[in-house]
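**Student:** Here it is: the structure, laid out below.
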Amino acid sequence: MLKKLRESAWFRNVAVFLAVLGPGIVTGSVDNDAGGITTYSVAGATYGYHILWTLVPALVVLIVIQEMNARMGIVTGKGLADLIRENAGVKVTFFIFIGLILADIGNTTTEFAGVAGSMQALGVSKYIAVPISAVAVWLLVVKGTYKSSERIFLVFSFFLLSYVVSAILGKPDWSQIGHAMVHPDVRFDFPYLTMVIGIVGTTIAPWMQFYMQSAVIEKGLQMKDYRYTLWDVVIGACITVVVAFFIIVACAATLHVNGIRIEEAKDAAVALRPLAGSAASIIFAAGLFVASVFSATILPLATAFYVCEAFGFEAGIDKKWKEAPQFYTLFTIILAVSVGIILLPDAPLIKITIWSQVINGILLPVVLISMLLIVNKKEVMGEHVNRRSENIIGWTTAAVLLGMNLLFFVMPFLRA
């Protein structure tokens, strides 16, 4: 009898977890977008296995910050944009969001650049691949529901594990990988520091914080679901870091050992062919395509969510166009502008990628500090304010990010 009760409780817990599953895994997986894959590919090709240690602190920070987002959404029933407007005022919110919109247009353009690059590596023109992908993305969001869209997003998330196969085909040296993780070769030159900052920074983007909280609310999660939501966040963060690990390993085992330098993820897919075989090259390019389409859906969606939340407009995939016209119009405009930029013959894609990441880096500490101030207010969170350990990690991350921004602005004058 007792055994049957335990079994039924176990099945009930699994069923509840599967029902709650989604926001954490989807948000974490989108982190491995075209920009992230490019960062990890360049890191592996340039520094080999010795850069892998950076993924450990990145994992810790990602879990802590995403958990804060989920908890704020569950407790308050409000999106992060709503909470920032209520606590910082409309003027501050307006200027923050102008920067976020510009960054997200750049980020979405980067995703379609990933679509174009991955398809070119497989012999398909960007003038075919990009418009078809954009139309598919638009139909999924505008004609779909949150439930159906989330299922597709979850399938996309697990497709990213194809990079595990790509790495294994590269025949990495696992003893060297183990040694590099335990005894990291930390350097103190500026290019290495920049790469470390890029790897840690690519796991946390401003838009992620808004999307995570909105997804928790749209799914209707409550405090009774919190422990399952926490597992969702942890699993999502682990998938993110596992994918990042194998992308670095794939490029370290093939490109780095042969002294091949790259600038884009597409370059990695092409360069893998003679070194690890056509299968590894095709899998790498296919993973880039899936990640790019996935992120090209979520990024403009997240932007539309938080802008509409901040200024009091209706938002949500489950709403019809006539119920949330501002939400769907903004989503469509961001898609159209991004696709238009990509289809320009001489579009400066590298500059767009770099500057969108720079804007992300400048805005991220502002968003993170806003989150930390709100999540520690008892009048907002009640008994669910941050614990000391969460505050230590959160404020340390914010301080490091502010230091990075200062270094970014000061370094050109020091080198002059």
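Letters A, B, ... mark the chains of the structure tokens in the order given; residue numbers begin at 1 per chain; ligand numbers begin at 1, in order shown.
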Quick one: contact table of region 52-127 of chain A to region 167-185 of chain A, 10 Å max, nearest atom pair and distance in Å to one decimal per residue, counting only C-alpha atoms, chain and number order, as a Markdown table?

**Tutor:**
| residue | atom | partner | partner_atom | distance |
| --- | --- | --- | --- | --- |
| A:Leu52 | CA | A:Met181 | CA | 6.3 |
| A:Trp53 | CA | A:Met181 | CA | 5.2 |
| A:Thr54 | CA | A:Pro184 | CA | 9.0 |
| A:Leu55 | CA | A:Met181 | CA | 9.5 |
| A:Val56 | CA | A:Met181 | CA | 9.0 |

**Student:** May I have the selected residues written with N, CA and C atoms, as a PDB file, in the first residue's frame?

**Tutor:**
ATOM      1  N   LEU A  52      37.283  26.861 -21.378  1.00  0.00           N
ATOM      2  CA  LEU A  52      36.081  26.170 -20.898  1.00  0.00           C
ATOM      3  C   LEU A  52      35.719  26.511 -19.454  1.00  0.00           C
ATOM      4  N   TRP A  53      36.692  26.884 -18.624  1.00  0.00           N
ATOM      5  CA  TRP A  53      36.424  27.152 -17.217  1.00  0.00           C
ATOM      6  C   TRP A  53      35.413  28.284 -17.015  1.00  0.00           C
ATOM      7  N   THR A  54      35.307  29.188 -17.990  1.00  0.00           N
ATOM      8  CA  THR A  54      34.401  30.336 -17.848  1.00  0.00           C
ATOM      9  C   THR A  54      32.930  29.913 -17.774  1.00  0.00           C
ATOM     10  N   LEU A  55      32.622  28.713 -18.257  1.00  0.00           N
ATOM     11  CA  LEU A  55      31.237  28.262 -18.264  1.00  0.00           C
ATOM     12  C   LEU A  55      30.729  27.939 -16.858  1.00  0.00           C
ATOM     13  N   VAL A  56      31.628  27.691 -15.921  1.00  0.00           N
ATOM     14  CA  VAL A  56      31.210  27.362 -14.549  1.00  0.00           C
ATOM     15  C   VAL A  56      30.567  28.576 -13.871  1.00  0.00           C
TER      16      VAL A  56
END

**Student:** Leaving out region 90-97 of chain A and any residue of its chain fewer than 4 positions from it, which residues lie within 8 Å of it when counting only C-alpha atoms, given as a ChimeraX atom specification?

**Tutor:** /A:81,84-86,101,307,310,363

**Student:** List every residue of region 112-322 of chain A that DSSP, applied to the backbone of this structure, places in alpha helix (DSSP H), and write the result as JSON, numbers by chain.

**Tutor:** {"A": [112, 113, 114, 115, 116, 117, 118, 119, 120, 121, 126, 127, 128, 129, 130, 131, 132, 133, 134, 135, 136, 137, 138, 139, 140, 141, 142, 143, 146, 147, 148, 149, 150, 151, 152, 153, 154, 155, 156, 157, 158, 159, 162, 163, 164, 165, 166, 167, 168, 169, 174, 175, 176, 177, 178, 179, 180, 181, 182, 190, 191, 192, 193, 194, 195, 196, 197, 198, 199, 200, 201, 202, 206, 207, 208, 209, 210, 211, 212, 213, 214, 215, 216, 217, 218, 226, 227, 228, 229, 230, 231, 232, 233, 234, 235, 236, 237, 238, 239, 240, 241, 242, 243, 244, 245, 246, 247, 248, 249, 250, 251, 252, 253, 254, 265, 266, 267, 268, 269, 270, 271, 272, 273, 274, 275, 276, 278, 279, 280, 281, 282, 283, 284, 285, 286, 287, 288, 289, 290, 291, 292, 293, 294, 295, 296, 297, 298, 299, 300, 301, 302, 303, 304, 305, 306, 307, 308, 309, 310]}

**Student:** Keeping C-alpha atoms for every residue in the selection just given, could you write it to a file as a short mmCIF file (atom, residue, chain, number, x, y, z; two decimals), in the first residue's frame?

**Tutor:**
data_model
loop_
_atom_site.label_atom_id
_atom_site.label_comp_id
_atom_site.auth_asym_id
_atom_site.auth_seq_id
_atom_site.Cartn_x
_atom_site.Cartn_y
_atom_site.Cartn_z
CA PHE A 112 18.62 36.24 -39.52
CA ALA A 113 22.30 36.60 -40.36
CA GLY A 114 22.68 33.18 -38.70
CA VAL A 115 19.85 31.83 -40.87
CA ALA A 116 21.55 33.23 -43.98
CA GLY A 117 25.01 31.95 -43.02
CA SER A 118 23.88 28.45 -42.06
CA MET A 119 21.90 28.03 -45.27
CA GLN A 120 24.77 29.42 -47.40
CA ALA A 121 27.01 26.80 -45.78
CA LYS A 126 19.89 33.92 -48.22
CA TYR A 127 17.29 35.47 -50.56
CA ILE A 128 15.35 32.21 -50.29
CA ALA A 129 16.12 31.08 -46.73
CA VAL A 130 15.59 34.38 -44.88
CA PRO A 131 12.13 35.37 -46.28
CA ILE A 132 10.76 31.83 -45.87
CA SER A 133 12.05 31.63 -42.28
CA ALA A 134 10.62 35.07 -41.46
CA VAL A 135 7.17 34.15 -42.77
CA ALA A 136 7.23 30.88 -40.79
CA VAL A 137 8.19 32.78 -37.62
CA TRP A 138 5.42 35.36 -38.16
CA LEU A 139 2.77 32.68 -38.73
CA LEU A 140 3.85 30.72 -35.64
CA VAL A 141 3.43 33.74 -33.37
CA VAL A 142 0.46 35.53 -34.96
CA LYS A 143 -1.63 32.46 -35.79
CA TYR A 146 1.10 30.09 -26.32
CA LYS A 147 0.65 26.35 -25.71
CA SER A 148 1.33 25.30 -29.30
CA SER A 149 4.22 27.76 -29.66
CA GLU A 150 5.84 26.58 -26.44
CA ARG A 151 5.76 22.96 -27.63
CA ILE A 152 7.58 23.96 -30.82
CA PHE A 153 10.07 26.02 -28.79
CA LEU A 154 10.80 23.01 -26.55
CA VAL A 155 11.47 20.81 -29.61
CA PHE A 156 13.79 23.53 -30.95
CA SER A 157 15.59 23.57 -27.58
CA PHE A 158 16.50 19.89 -27.77
CA PHE A 159 17.67 20.22 -31.39
CA SER A 162 23.08 18.26 -32.06
CA TYR A 163 26.27 20.15 -31.14
CA VAL A 164 27.15 17.23 -28.85
CA VAL A 165 27.30 15.00 -31.93
CA SER A 166 29.30 17.58 -33.87
CA ALA A 167 31.86 17.78 -31.06
CA ILE A 168 32.22 13.99 -30.73
CA LEU A 169 32.82 13.69 -34.48
CA TRP A 174 39.02 14.35 -23.10
CA SER A 175 42.08 14.21 -20.85
CA GLN A 176 43.07 17.71 -22.00
CA ILE A 177 39.50 18.91 -21.47
CA GLY A 178 39.52 17.58 -17.90
CA HIS A 179 42.89 19.19 -17.20
CA ALA A 180 41.71 22.54 -18.63
CA MET A 181 38.60 22.52 -16.43
CA VAL A 182 40.55 21.73 -13.25
CA PHE A 190 43.08 42.37 -23.18
CA PRO A 191 41.91 40.00 -26.00
CA TYR A 192 41.63 37.09 -23.54
CA LEU A 193 39.79 39.28 -21.01
CA THR A 194 37.41 40.44 -23.73
CA MET A 195 36.66 36.85 -24.72
CA VAL A 196 36.01 35.81 -21.11
CA ILE A 197 33.65 38.75 -20.68
CA GLY A 198 31.92 37.82 -23.94
CA ILE A 199 31.36 34.21 -22.86
CA VAL A 200 29.95 35.15 -19.46
CA GLY A 201 27.95 38.02 -20.93
CA THR A 202 26.38 35.97 -23.70
CA PRO A 206 18.55 42.07 -21.04
CA TRP A 207 15.69 40.72 -23.16
CA MET A 208 15.94 37.30 -21.43
CA GLN A 209 14.90 38.75 -18.09
CA PHE A 210 11.74 40.26 -19.56
CA TYR A 211 10.80 37.18 -21.58
CA MET A 212 11.31 34.76 -18.69
CA GLN A 213 9.01 36.71 -16.41
CA SER A 214 6.37 37.21 -19.11
CA ALA A 215 6.44 33.48 -19.96
CA VAL A 216 5.90 32.53 -16.31
CA ILE A 217 2.87 34.84 -16.16
CA GLU A 218 1.45 33.71 -19.51
CA TYR A 226 7.67 27.15 -7.53
CA ARG A 227 9.80 24.07 -6.84
CA TYR A 228 8.95 22.65 -10.27
CA THR A 229 9.66 26.03 -11.87
CA LEU A 230 13.04 26.06 -10.14
CA TRP A 231 13.90 22.72 -11.75
CA ASP A 232 12.76 24.12 -15.10
CA VAL A 233 15.17 27.04 -14.63
CA VAL A 234 18.06 24.78 -13.57
CA ILE A 235 17.53 22.36 -16.47
CA GLY A 236 17.29 25.26 -18.94
CA ALA A 237 20.53 26.77 -17.64
CA CYS A 238 22.31 23.39 -17.78
CA ILE A 239 21.17 22.79 -21.38
CA THR A 240 22.52 26.25 -22.27
CA VAL A 241 25.93 25.56 -20.76
CA VAL A 242 26.16 21.98 -22.09
CA VAL A 243 25.51 23.23 -25.63
CA ALA A 244 28.08 26.02 -25.14
CA PHE A 245 30.59 23.46 -23.82
CA PHE A 246 30.29 21.21 -26.87
CA ILE A 247 30.43 24.11 -29.35
CA ILE A 248 33.73 25.21 -27.78
CA VAL A 249 34.97 21.60 -27.75
CA ALA A 250 34.00 21.06 -31.40
CA CYS A 251 35.98 24.11 -32.53
CA ALA A 252 38.88 23.52 -30.12
CA ALA A 253 39.35 19.91 -31.25
CA THR A 254 39.42 20.79 -34.94
CA ALA A 265 29.79 30.60 -36.71
CA LYS A 266 29.25 30.01 -40.43
CA ASP A 267 33.04 29.94 -40.87
CA ALA A 268 33.22 27.16 -38.26
CA ALA A 269 30.64 25.05 -40.11
CA VAL A 270 32.57 25.39 -43.37
CA ALA A 271 35.99 24.81 -41.77
CA LEU A 272 34.84 21.63 -39.99
CA ARG A 273 34.22 19.78 -43.28
CA PRO A 274 37.85 18.88 -44.16
CA LEU A 275 38.81 18.38 -40.50
CA ALA A 276 35.94 16.38 -38.97
CA SER A 278 30.94 16.49 -43.90
CA ALA A 279 28.60 15.07 -41.22
CA ALA A 280 30.08 17.31 -38.52
CA SER A 281 29.91 20.31 -40.85
CA ILE A 282 26.26 19.68 -41.78
CA ILE A 283 25.23 19.09 -38.15
CA PHE A 284 27.00 22.30 -37.06
CA ALA A 285 25.29 24.33 -39.81
CA ALA A 286 21.90 22.73 -39.07
CA GLY A 287 22.28 23.55 -35.37
CA LEU A 288 23.09 27.16 -36.26
CA PHE A 289 19.97 27.33 -38.46
CA VAL A 290 17.66 25.94 -35.76
CA ALA A 291 19.15 28.22 -33.10
CA SER A 292 18.83 31.26 -35.36
CA VAL A 293 15.18 30.63 -36.30
CA PHE A 294 14.39 29.83 -32.66
CA SER A 295 15.93 33.08 -31.43
CA ALA A 296 14.52 35.12 -34.33
CA THR A 297 11.12 34.12 -32.95
CA ILE A 298 11.77 34.78 -29.26
CA LEU A 299 13.74 38.06 -29.48
CA PRO A 300 11.12 40.24 -31.22
CA LEU A 301 8.45 38.45 -29.17
CA ALA A 302 10.23 39.36 -25.93
CA THR A 303 10.62 42.97 -27.11
CA ALA A 304 6.92 43.25 -27.96
CA PHE A 305 6.05 41.73 -24.56
CA TYR A 306 8.06 44.12 -22.41
CA VAL A 307 7.30 47.28 -24.38
CA CYS A 308 3.55 46.62 -24.22
CA GLU A 309 3.76 45.70 -20.54
CA ALA A 310 5.70 48.87 -19.73
#

**Student:** Which neighbours of region 104-106 of chain A fall inside 7 Å, counting only C-alpha atoms, when residues of the same chain fewer than 2 positions from it are skipped, and could you give them as a list in words?

**Tutor:**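 Contacts, in chain order: Leu100, Ile101, Leu102, Thr108, Thr109, Thr110, Leu299, Pro300, Thr303, Ile334, Ser338, Ile352, Thr353 and Ser356 of chain A.
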
**Student:** Include N, CA and C atoms and write out the residues we just selected as a short mmCIF file (atom, residue, chain, number, x, y, z; two decimals), in the first residue's frame.

**Tutor:**
data_model
loop_
_atom_site.label_atom_id
_atom_site.label_comp_id
_atom_site.auth_asym_id
_atom_site.auth_seq_id
_atom_site.Cartn_x
_atom_site.Cartn_y
_atom_site.Cartn_z
N LEU A 100 16.85 49.27 -25.35
CA LEU A 100 16.55 47.84 -25.50
C LEU A 100 15.96 47.52 -26.86
N ILE A 101 15.08 48.39 -27.37
CA ILE A 101 14.48 48.15 -28.68
C ILE A 101 15.55 48.18 -29.77
N LEU A 102 16.44 49.17 -29.72
CA LEU A 102 17.53 49.26 -30.71
C LEU A 102 18.42 48.02 -30.64
N THR A 108 17.98 40.70 -33.44
CA THR A 108 17.14 39.93 -34.37
C THR A 108 17.77 39.89 -35.76
N THR A 109 18.38 41.00 -36.15
CA THR A 109 19.10 41.02 -37.43
C THR A 109 20.23 40.00 -37.42
N THR A 110 20.92 39.90 -36.29
CA THR A 110 21.99 38.91 -36.14
C THR A 110 21.46 37.49 -36.28
N LEU A 299 13.24 36.70 -29.73
CA LEU A 299 13.74 38.06 -29.48
C LEU A 299 12.71 39.15 -29.78
N PRO A 300 12.13 39.21 -30.98
CA PRO A 300 11.12 40.24 -31.22
C PRO A 300 9.86 40.02 -30.37
N THR A 303 10.66 41.51 -27.01
CA THR A 303 10.62 42.97 -27.11
C THR A 303 9.18 43.48 -27.10
N ILE A 334 9.58 44.74 -36.06
CA ILE A 334 10.94 44.29 -35.74
C ILE A 334 11.39 43.21 -36.71
N SER A 338 14.46 43.81 -39.51
CA SER A 338 15.62 42.91 -39.42
C SER A 338 15.85 42.16 -40.73
N ILE A 352 26.87 45.26 -37.05
CA ILE A 352 25.56 45.18 -36.40
C ILE A 352 25.62 44.21 -35.21
N THR A 353 26.27 43.07 -35.43
CA THR A 353 26.41 42.08 -34.36
C THR A 353 27.17 42.65 -33.18
N SER A 356 25.20 45.62 -31.40
CA SER A 356 24.03 45.16 -30.65
C SER A 356 24.46 44.53 -29.33
#

**Student:** Set the distance at 9 Å and use only C-alpha atoms: which residues neighbour region 312-314 of chain A once local chain neighbours fewer than 4 positions away are removed? I'd like the list as JSON, numbers by chain.

**Tutor:** {"A": [82, 305, 307, 308, 319, 323, 324, 325, 326, 327]}

**Student:** For the selection just defined, write its residues with N, CA and C atoms to a file, as a CSV table (one decimal), in the first residue's frame.

**Tutor:**
chain,number,residue,atom,x,y,z
A,82,ASP,N,6.5,46.0,-16.2
A,82,ASP,CA,5.5,46.6,-15.3
A,82,ASP,C,6.1,47.0,-14.0
A,305,PHE,N,6.6,42.0,-25.9
A,305,PHE,CA,6.1,41.7,-24.6
A,305,PHE,C,6.4,42.9,-23.6
A,307,VAL,N,7.7,45.9,-24.0
A,307,VAL,CA,7.3,47.3,-24.4
A,307,VAL,C,5.8,47.5,-24.1
A,308,CYS,N,5.0,46.5,-24.5
A,308,CYS,CA,3.6,46.6,-24.2
A,308,CYS,C,3.2,46.6,-22.7
A,319,LYS,N,-3.7,36.1,-27.4
A,319,LYS,CA,-4.6,37.1,-27.8
A,319,LYS,C,-4.7,37.2,-29.3
A,323,GLU,N,-7.3,42.1,-30.3
A,323,GLU,CA,-7.2,42.3,-28.9
A,323,GLU,C,-5.9,42.9,-28.4
A,324,ALA,N,-4.8,42.7,-29.2
A,324,ALA,CA,-3.5,43.2,-28.8
A,324,ALA,C,-2.8,43.8,-30.1
A,325,PRO,N,-3.4,44.8,-30.7
A,325,PRO,CA,-2.8,45.3,-32.0
A,325,PRO,C,-1.4,45.9,-31.9
A,326,GLN,N,-1.1,46.6,-30.8
A,326,GLN,CA,0.2,47.2,-30.6
A,326,GLN,C,1.3,46.1,-30.4
A,327,PHE,N,0.9,45.0,-29.7
A,327,PHE,CA,1.8,43.9,-29.5
A,327,PHE,C,2.2,43.2,-30.8
